[in-house]
Every structure is written in structure tokens, then in C-alpha cells.
file input-v1.pdb (PDB, C-alpha atoms)
ATOM      1  CA  MET A   1      -0.529  -7.638  11.186  1.00  0.00           C
ATOM      2  CA  LYS A   2      -1.407  -4.318   9.546  1.00  0.00           C
ATOM      3  CA  ARG A   3       1.039  -5.055   6.724  1.00  0.00           C
ATOM      4  CA  LEU A   4      -0.642  -8.417   6.154  1.00  0.00           C
ATOM      5  CA  ALA A   5      -4.037  -6.695   5.924  1.00  0.00           C
ATOM      6  CA  VAL A   6      -2.727  -4.277   3.283  1.00  0.00           C
ATOM      7  CA  ILE A   7      -1.205  -7.161   1.312  1.00  0.00           C
ATOM      8  CA  LEU A   8      -4.471  -9.092   1.465  1.00  0.00           C
ATOM      9  CA  ALA A   9      -6.475  -6.055   0.328  1.00  0.00           C
ATOM     10  CA  GLY A  10      -4.062  -5.485  -2.532  1.00  0.00           C
ATOM     11  CA  SER A  11      -4.186  -9.089  -3.640  1.00  0.00           C
ATOM     12  CA  THR A  12      -7.988  -9.165  -3.476  1.00  0.00           C
ATOM     13  CA  LEU A  13      -8.257  -6.031  -5.584  1.00  0.00           C
ATOM     14  CA  ALA A  14      -5.503  -7.201  -7.936  1.00  0.00           C
ATOM     15  CA  MET A  15      -7.247 -10.519  -8.553  1.00  0.00           C
ATOM     16  CA  SER A  16     -10.523  -8.727  -9.217  1.00  0.00           C
ATOM     17  CA  GLY A  17      -8.792  -6.837 -12.031  1.00  0.00           C
ATOM     18  CA  TYR A  18      -7.970 -10.028 -13.924  1.00  0.00           C
ATOM     19  CA  ALA A  19     -11.198 -11.996 -13.617  1.00  0.00           C
ATOM     20  CA  ALA A  20     -13.540  -9.064 -13.922  1.00  0.00           C
ATOM     21  CA  ASN A  21     -16.591  -7.963 -15.811  1.00  0.00           C
ATOM     22  CA  TRP A  22     -15.994  -4.203 -15.923  1.00  0.00           C
ATOM     23  CA  LEU A  23     -18.936  -2.018 -16.923  1.00  0.00           C
ATOM     24  CA  GLU A  24     -18.096   1.585 -17.777  1.00  0.00           C
ATOM     25  CA  VAL A  25     -20.470   3.793 -15.797  1.00  0.00           C
ATOM     26  CA  SER A  26     -19.235   7.323 -16.351  1.00  0.00           C
ATOM     27  CA  LYS A  27     -16.475   9.554 -17.644  1.00  0.00           C
ATOM     28  CA  SER A  28     -15.374  12.708 -15.816  1.00  0.00           C
ATOM     29  CA  GLN A  29     -14.742  16.094 -17.377  1.00  0.00           C
ATOM     30  CA  THR A  30     -11.008  15.464 -16.947  1.00  0.00           C
ATOM     31  CA  GLY A  31     -11.187  12.203 -18.907  1.00  0.00           C
ATOM     32  CA  SER A  32     -11.116   9.646 -16.082  1.00  0.00           C
ATOM     33  CA  VAL A  33     -13.256   6.575 -16.730  1.00  0.00           C
ATOM     34  CA  PHE A  34     -15.198   5.033 -13.828  1.00  0.00           C
ATOM     35  CA  SER A  35     -16.254   1.377 -13.976  1.00  0.00           C
ATOM     36  CA  VAL A  36     -17.958  -1.212 -11.779  1.00  0.00           C
ATOM     37  CA  ASP A  37     -16.905  -4.859 -11.718  1.00  0.00           C
ATOM     38  CA  LEU A  38     -20.254  -6.626 -12.059  1.00  0.00           C
ATOM     39  CA  ASP A  39     -18.715  -9.955 -10.991  1.00  0.00           C
ATOM     40  CA  SER A  40     -17.529  -8.510  -7.675  1.00  0.00           C
ATOM     41  CA  ILE A  41     -20.943  -7.364  -6.417  1.00  0.00           C
ATOM     42  CA  GLU A  42     -22.079  -9.427  -3.460  1.00  0.00           C
ATOM     43  CA  ARG A  43     -23.959  -9.168  -0.200  1.00  0.00           C
ATOM     44  CA  SER A  44     -21.709  -8.055   2.627  1.00  0.00           C
ATOM     45  CA  ASP A  45     -21.550  -9.741   6.003  1.00  0.00           C
ATOM     46  CA  ILE A  46     -20.125  -6.589   7.591  1.00  0.00           C
ATOM     47  CA  HIS A  47     -22.602  -5.224  10.093  1.00  0.00           C
ATOM     48  CA  ILE A  48     -23.000  -1.550  10.854  1.00  0.00           C
ATOM     49  CA  ILE A  49     -23.496  -1.173  14.607  1.00  0.00           C
ATOM     50  CA  ASP A  50     -26.203   1.504  14.505  1.00  0.00           C
ATOM     51  CA  GLU A  51     -28.238  -0.161  11.735  1.00  0.00           C
ATOM     52  CA  LYS A  52     -30.667  -3.027  12.119  1.00  0.00           C
ATOM     53  CA  GLU A  53     -31.484  -5.453   9.337  1.00  0.00           C
ATOM     54  CA  VAL A  54     -29.890  -3.418   6.554  1.00  0.00           C
ATOM     55  CA  GLU A  55     -28.418  -5.267   3.614  1.00  0.00           C
ATOM     56  CA  ASN A  56     -25.131  -3.819   2.389  1.00  0.00           C
ATOM     57  CA  ILE A  57     -23.130  -4.898  -0.636  1.00  0.00           C
ATOM     58  CA  THR A  58     -19.451  -4.831  -1.584  1.00  0.00           C
ATOM     59  CA  VAL A  59     -18.215  -3.925  -5.046  1.00  0.00           C
ATOM     60  CA  SER A  60     -14.961  -3.245  -6.865  1.00  0.00           C
ATOM     61  CA  ILE A  61     -14.716   0.157  -8.520  1.00  0.00           C
ATOM     62  CA  ARG A  62     -12.060   1.156 -11.053  1.00  0.00           C
ATOM     63  CA  ARG A  63     -10.961   4.635 -12.015  1.00  0.00           C
ATOM     64  CA  THR A  64      -8.797   4.750 -15.121  1.00  0.00           C
ATOM     65  CA  TYR A  65      -6.932   8.018 -15.486  1.00  0.00           C
ATOM     66  CA  PRO A  66      -6.314   9.703 -18.842  1.00  0.00           C
ATOM     67  CA  ALA A  67      -2.827   9.343 -20.290  1.00  0.00           C
ATOM     68  CA  PRO A  68      -0.507  12.236 -19.390  1.00  0.00           C
ATOM     69  CA  LYS A  69      -0.611  14.780 -22.186  1.00  0.00           C
ATOM     70  CA  VAL A  70       2.488  16.227 -23.807  1.00  0.00           C
ATOM     71  CA  THR A  71       1.899  19.896 -24.532  1.00  0.00           C
ATOM     72  CA  ALA A  72       3.267  21.771 -27.536  1.00  0.00           C
ATOM     73  CA  LYS A  73       5.513  23.710 -25.141  1.00  0.00           C
ATOM     74  CA  ASP A  74       6.941  20.467 -23.728  1.00  0.00           C
ATOM     75  CA  SER A  75       7.611  19.163 -27.254  1.00  0.00           C
ATOM     76  CA  LYS A  76       9.444  22.347 -28.253  1.00  0.00           C
ATOM     77  CA  GLU A  77      11.570  22.236 -25.100  1.00  0.00           C
ATOM     78  CA  LYS A  78      12.475  18.599 -25.764  1.00  0.00           C
ATOM     79  CA  ASP A  79      13.386  19.390 -29.372  1.00  0.00           C
ATOM     80  CA  ALA A  80      15.582  22.287 -28.216  1.00  0.00           C
ATOM     81  CA  LYS A  81      17.340  20.111 -25.622  1.00  0.00           C
ATOM     82  CA  GLY A  82      17.635  17.055 -27.789  1.00  0.00           C
ATOM     83  CA  LYS A  83      17.046  13.554 -26.571  1.00  0.00           C
ATOM     84  CA  ASP A  84      19.711  13.031 -23.984  1.00  0.00           C
ATOM     85  CA  ASP A  85      19.802  10.476 -21.197  1.00  0.00           C
ATOM     86  CA  LYS A  86      18.369  12.893 -18.635  1.00  0.00           C
ATOM     87  CA  ASP A  87      15.150  13.294 -20.649  1.00  0.00           C
ATOM     88  CA  LYS A  88      14.811   9.531 -21.032  1.00  0.00           C
ATOM     89  CA  VAL A  89      15.278   8.981 -17.297  1.00  0.00           C
ATOM     90  CA  ALA A  90      12.778  11.740 -16.475  1.00  0.00           C
ATOM     91  CA  ASN A  91      10.181  10.294 -18.870  1.00  0.00           C
ATOM     92  CA  LYS A  92      10.645   6.824 -17.383  1.00  0.00           C
ATOM     93  CA  ALA A  93      10.208   8.227 -13.864  1.00  0.00           C
ATOM     94  CA  VAL A  94       6.933   9.941 -14.848  1.00  0.00           C
ATOM     95  CA  LYS A  95       5.584   6.698 -16.377  1.00  0.00           C
ATOM     96  CA  GLU A  96       6.488   4.706 -13.272  1.00  0.00           C
ATOM     97  CA  THR A  97       5.037   7.175 -10.780  1.00  0.00           C
ATOM     98  CA  SER A  98       1.876   8.414 -12.505  1.00  0.00           C
ATOM     99  CA  ILE A  99      -1.318   6.548 -11.685  1.00  0.00           C
ATOM    100  CA  HIS A 100      -2.813   4.649 -14.600  1.00  0.00           C
ATOM    101  CA  HIS A 101      -5.750   3.218 -12.683  1.00  0.00           C
ATOM    102  CA  SER A 102      -7.026   2.774  -9.155  1.00  0.00           C
ATOM    103  CA  ASP A 103      -9.026  -0.227  -7.961  1.00  0.00           C
ATOM    104  CA  GLN A 104     -11.178   0.359  -4.903  1.00  0.00           C
ATOM    105  CA  GLN A 105     -13.436  -1.769  -2.772  1.00  0.00           C
ATOM    106  CA  TRP A 106     -16.593  -0.057  -1.565  1.00  0.00           C
ATOM    107  CA  LEU A 107     -19.136  -1.121   1.015  1.00  0.00           C
ATOM    108  CA  ILE A 108     -22.465   0.268  -0.211  1.00  0.00           C
ATOM    109  CA  ALA A 109     -25.755   0.930   1.568  1.00  0.00           C
ATOM    110  CA  CYS A 110     -28.302   0.983  -1.243  1.00  0.00           C
ATOM    111  CA  LYS A 111     -31.085   2.293   1.002  1.00  0.00           C
ATOM    112  CA  ASP A 112     -29.544   5.793   1.183  1.00  0.00           C
ATOM    113  CA  SER A 113     -27.036   5.675  -1.709  1.00  0.00           C
ATOM    114  CA  SER A 114     -24.039   5.870   0.593  1.00  0.00           C
ATOM    115  CA  TYR A 115     -20.679   4.105   0.546  1.00  0.00           C
ATOM    116  CA  TYR A 116     -17.595   3.443   2.626  1.00  0.00           C
ATOM    117  CA  ARG A 117     -14.266   2.965   0.859  1.00  0.00           C
ATOM    118  CA  ARG A 118     -12.688  -0.118   2.441  1.00  0.00           C
ATOM    119  CA  ALA A 119      -9.495  -0.329   0.384  1.00  0.00           C
ATOM    120  CA  TYR A 120      -7.708   0.879  -2.719  1.00  0.00           C
ATOM    121  CA  VAL A 121      -4.680   0.043  -4.834  1.00  0.00           C
ATOM    122  CA  ASN A 122      -3.138   2.546  -7.272  1.00  0.00           C
ATOM    123  CA  TYR A 123      -1.343   1.095 -10.308  1.00  0.00           C
ATOM    124  CA  ALA A 124       1.111   2.438 -12.872  1.00  0.00           C
ATOM    125  CA  ALA A 125       0.601   1.699 -16.589  1.00  0.00           C
ATOM    126  CA  ASP A 126       2.692  -1.490 -16.241  1.00  0.00           C
ATOM    127  CA  ASP A 127       0.416  -2.716 -13.375  1.00  0.00           C
ATOM    128  CA  LYS A 128       3.113  -1.977 -10.819  1.00  0.00           C
ATOM    129  CA  VAL A 129       1.538  -1.159  -7.439  1.00  0.00           C
ATOM    130  CA  LEU A 130       2.243   2.463  -6.530  1.00  0.00           C
ATOM    131  CA  LYS A 131       0.248   2.728  -3.339  1.00  0.00           C
ATOM    132  CA  SER A 132      -2.274   0.682  -1.396  1.00  0.00           C
ATOM    133  CA  TRP A 133      -4.461   1.263   1.621  1.00  0.00           C
ATOM    134  CA  GLN A 134      -6.985  -0.695   3.636  1.00  0.00           C
ATOM    135  CA  SER A 135      -9.257   0.602   6.368  1.00  0.00           C
ATOM    136  CA  ASP A 136      -8.243  -0.565   9.806  1.00  0.00           C
ATOM    137  CA  LYS A 137     -11.617   0.266  11.371  1.00  0.00           C
ATOM    138  CA  PRO A 138     -12.885  -2.845  13.141  1.00  0.00           C
ATOM    139  CA  ILE A 139     -16.367  -1.389  13.673  1.00  0.00           C
ATOM    140  CA  LEU A 140     -18.359   0.810  11.303  1.00  0.00           C
ATOM    141  CA  THR A 141     -21.283   3.140  11.944  1.00  0.00           C
ATOM    142  CA  THR A 142     -23.522   4.985   9.508  1.00  0.00           C
ATOM    143  CA  LYS A 143     -21.399   8.095  10.156  1.00  0.00           C
ATOM    144  CA  ASP A 144     -18.485   6.381   8.393  1.00  0.00           C
ATOM    145  CA  PHE A 145     -20.433   6.295   5.126  1.00  0.00           C
ATOM    146  CA  LYS A 146     -20.442   9.090   2.549  1.00  0.00           C
ATOM    147  CA  ILE A 147     -23.907   9.910   1.280  1.00  0.00           C
ATOM    148  CA  THR A 148     -23.678  10.555  -2.442  1.00  0.00           C
ATOM    149  CA  LYS A 149     -25.249  13.601  -4.034  1.00  0.00           C
ATOM    150  CA  PRO A 150     -27.564  13.330  -7.041  1.00  0.00           C
ATOM    151  CA  LYS A 151     -26.023  13.700 -10.498  1.00  0.00           C
ATOM    152  CA  THR A 152     -22.478  12.853  -9.329  1.00  0.00           C
ATOM    153  CA  ILE A 153     -20.184  10.074 -10.483  1.00  0.00           C
ATOM    154  CA  SER A 154     -20.210   8.456  -7.048  1.00  0.00           C
ATOM    155  CA  ARG A 155     -24.042   8.361  -7.108  1.00  0.00           C
ATOM    156  CA  LEU A 156     -23.989   6.778 -10.582  1.00  0.00           C
ATOM    157  CA  LEU A 157     -21.534   4.115  -9.369  1.00  0.00           C
ATOM    158  CA  VAL A 158     -23.615   3.340  -6.278  1.00  0.00           C
ATOM    159  CA  GLU A 159     -26.866   3.201  -8.261  1.00  0.00           C
ATOM    160  CA  GLN A 160     -25.346   0.899 -10.905  1.00  0.00           C
ATOM    161  CA  ALA A 161     -23.978  -1.464  -8.258  1.00  0.00           C
ATOM    162  CA  CYS A 162     -27.315  -1.571  -6.414  1.00  0.00           C
ATOM    163  CA  LYS A 163     -29.289  -2.065  -9.635  1.00  0.00           C
ATOM    164  CA  SER A 164     -27.006  -4.921 -10.737  1.00  0.00           C
ATOM    165  CA  TYR A 165     -27.228  -6.538  -7.295  1.00  0.00           C
ATOM    166  CA  GLN A 166     -31.034  -6.404  -7.312  1.00  0.00           C
ATOM    167  CA  GLN A 167     -31.192  -7.884 -10.823  1.00  0.00           C
ATOM    168  CA  ASP A 168     -28.920 -10.792  -9.878  1.00  0.00           C
ATOM    169  CA  LYS A 169     -30.674 -11.467  -6.580  1.00  0.00           C
TER
END
call {"tool": "encode", "arguments": {"input": "input-v1.pdb", "output": "C-alpha cells"}}
result
Amino acid sequence: MKRLAVILAGSTLAMSGYAANWLEVSKSQTGSVFSVDLDSIERSDIHIIDEKEVENITVSIRRTYPAPKVTAKDSKEKDAKGKDDKDKVANKAVKETSIHHSDQQWLIACKDSSYYRRAYVNYAADDKVLKSWQSDKPILTTKDFKITKPKTISRLLVEQACKSYQQDK
């Protein structure tokens, strides 16, 4: 049953990647790009047990990682070694195991700019799934949510999702 839940989360997030309206919200100092899928924003029917009459929304978030950089030192070492089969295999392994992007599903409480990450799927550059996870919590409380801090990427993502939801309402 748990495996089925992970597969369903992965397929939901995977489908959102193809029929999506991604809006770039922010870029980190390390070069990661954070985006919100405007088409995925919708009212959530998930109730938080210690909240009354609070409207929460769900949204798909994407983090695209910068391409791995080849340093001058790495280039010199490769030139010294030559291009043998071991280098080619090692380079292929890095491409297949490094995360290109991560799609996440967040449950957001706009009233206090908090969120709960419900699921994520990490992808390689060729869209191969590297890792996936889905929350198995059947009941949520406000303590499960992370309150975002002002002037952070997570706050910008939450604010953009809430703003877009209110405009489309």
C-alpha cells in the first residue's frame, strides 16, 4: 500500500511537470531556480485537526539545480589521464545520479505563510526518477507546518502561490 502511495505521488508530480505553467519565483545564491506551477494551485480538502474554517491550498513547486561545474583542475586531470573508458563511465554515473530538478507538492496555509511538504520526486537530467517520497501522515496539525521567515525563498514561494490563488478565486 505504501509503495502504491509513492507511485501515485510520483505520477501526480510527473504529470504536473508536462502540463504546467511554471512561473520562476526566485534564484538562490548557488544558482538553483525555484518555480511555482500556476496551473496546479487549488483549494485543498485536507483538514488540519486543530484548525477551524481555514482554507489551505496545494501547489507544485520545482527546484531546478545548476548544472555541475567542471573546474580547471578537473579539466587538467582529465587531459593528463586522457579519455579512457573509466572516465566516460564515471561521467555517465555522475549525470545519472545528480539531481537536475525536484518537483514537490506543498500544502500551504496562506493565513500564516506556512507549508507542509506532502511529496517530492527528484529527477536526473534525462527525467529519470532518482528518488521519491510521500508523507504517510494520515492526520495533520498546525505543528506539522513550517512557518516561513520573511525574505526567504520559501516565503516568496508561499506568497506567490497565495497571491495567484486569490487572483484566480
call {"tool": "atom_distance", "arguments": {"input": "input-v1.pdb", "atom1": "atom CA of Ile46 of chain A", "atom2": "atom CA of Leu107 of chain A"}}
result
8.6 Å
call {"tool": "atom_distance", "arguments": {"input": "input-v1.pdb", "atom1": "atom CA of Lys143 of chain A", "atom2": "atom CA of Lys111 of chain A"}}
result
14.5 Å
call {"tool": "closest_residue", "arguments": {"input": "input-v1.pdb", "among": "A:Cys162, A:Leu157, A:Val121, A:Cys110", "to": "Val25 of chain A", "atoms": "only C-alpha atoms"}}
result
A:Leu157
call {"tool": "closest_residue", "arguments": {"input": "input-v1.pdb", "among": "A:Arg118, A:Lys128, A:Lys69, A:His101", "to": "Ile57 of chain A", "atoms": "all atoms listed in the file"}}
result
A:Arg118
call {"tool": "residues_around", "arguments": {"input": "input-v1.pdb", "residues": "Arg117 of chain A", "least_positions_apart": "2", "cutoff": "7 Å", "atoms": "all atoms listed in the file", "output": "list in words"}}
result
Gln105, Trp106, Leu107, Tyr115 and Ala119 of chain A
call {"tool": "resolve_selection", "arguments": {"input": "input-v1.pdb", "expression": "the PyMOL selection byres ((chain A and resi 99) around 8)", "output": "list in words"}}
result
Tyr65, Thr97, Ser98, His100, His101, Ser102, Asn122, Tyr123, Ala124, Ala125 and Leu130 of chain A
call {"tool": "residues_around", "arguments": {"input": "input-v1.pdb", "residues": "Leu156 of chain A", "least_positions_apart": "6", "cutoff": "9 Å", "atoms": "all atoms listed in the file", "output": "VMD selection string"}}
result
chain A and resid 25 to 26 148 150
call {"tool": "write_last_selection", "arguments": {"input": "input-v1.pdb", "atoms": "C-alpha atoms", "output": "short mmCIF file (atom, residue, chain, number, x, y, z; two decimals), in the coordinates of the input"}}
result
data_model
loop_
_atom_site.label_atom_id
_atom_site.label_comp_id
_atom_site.auth_asym_id
_atom_site.auth_seq_id
_atom_site.Cartn_x
_atom_site.Cartn_y
_atom_site.Cartn_z
CA VAL A 25 -20.47 3.79 -15.80
CA SER A 26 -19.24 7.32 -16.35
CA THR A 148 -23.68 10.56 -2.44
CA PRO A 150 -27.56 13.33 -7.04
#
call {"tool": "atom_distance", "arguments": {"input": "input-v1.pdb", "atom1": "atom CA of Ser32 of chain A", "atom2": "atom CA of Tyr165 of chain A"}}
result
24.5 Å
call {"tool": "residues_around", "arguments": {"input": "input-v1.pdb", "residues": "Arg43 of chain A", "least_positions_apart": "2", "cutoff": "8 Å", "atoms": "all atoms listed in the file", "output": "list of chain:residue names"}}
result
A:Ile41, A:Asp45, A:Glu55, A:Asn56, A:Ile57, A:Thr58
call {"tool": "closest_residue", "arguments": {"input": "input-v1.pdb", "among": "A:Ser132, A:Thr152, A:Thr141, A:Ser28", "to": "Tyr116 of chain A", "atoms": "only C-alpha atoms"}}
result
A:Thr141
call {"tool": "resolve_selection", "arguments": {"input": "input-v1.pdb", "expression": "the PyMOL selection byres ((chain A and resi 23) around 9)", "output": "PyMOL selection string"}}
result
chain A and resi 21-22+24-25+34-38
call {"tool": "write_last_selection", "arguments": {"input": "input-v1.pdb", "atoms": "C-alpha atoms", "output": "PDB file, in the coordinates of the input"}}
result
ATOM      1  CA  ASN A  21     -16.591  -7.963 -15.811  1.00  0.00           C
ATOM      2  CA  TRP A  22     -15.994  -4.203 -15.923  1.00  0.00           C
ATOM      3  CA  GLU A  24     -18.096   1.585 -17.777  1.00  0.00           C
ATOM      4  CA  VAL A  25     -20.470   3.793 -15.797  1.00  0.00           C
ATOM      5  CA  PHE A  34     -15.198   5.033 -13.828  1.00  0.00           C
ATOM      6  CA  SER A  35     -16.254   1.377 -13.976  1.00  0.00           C
ATOM      7  CA  VAL A  36     -17.958  -1.212 -11.779  1.00  0.00           C
ATOM      8  CA  ASP A  37     -16.905  -4.859 -11.718  1.00  0.00           C
ATOM      9  CA  LEU A  38     -20.254  -6.626 -12.059  1.00  0.00           C
TER      10      LEU A  38
END
call {"tool": "axis_aligned_box", "arguments": {"input": "input-v1.pdb", "around": "segment 57-66 of chain A", "padding_each_side": "6 Å", "output": "AutoDock Vina command-line options"}}
result
--center_x -14.7 --center_y 2.4 --center_z -9.7 --size_x 28.8 --size_y 26.6 --size_z 30.2
call {"tool": "closest_residue", "arguments": {"input": "input-v1.pdb", "among": "A:Gln104, A:Pro68, A:Lys169, A:Val59", "to": "Tyr120 of chain A", "atoms": "only C-alpha atoms"}}
result
A:Gln104
call {"tool": "closest_residue", "arguments": {"input": "input-v1.pdb", "among": "A:Gln134, A:Thr30, A:Ser154, A:Thr142", "to": "Asp50 of chain A", "atoms": "all atoms listed in the file"}}
result
A:Thr142
call {"tool": "closest_residue", "arguments": {"input": "input-v1.pdb", "among": "A:Val33, A:Val129, A:Ile147, A:Val158", "to": "Ala67 of chain A", "atoms": "only C-alpha atoms"}}
result
A:Val33
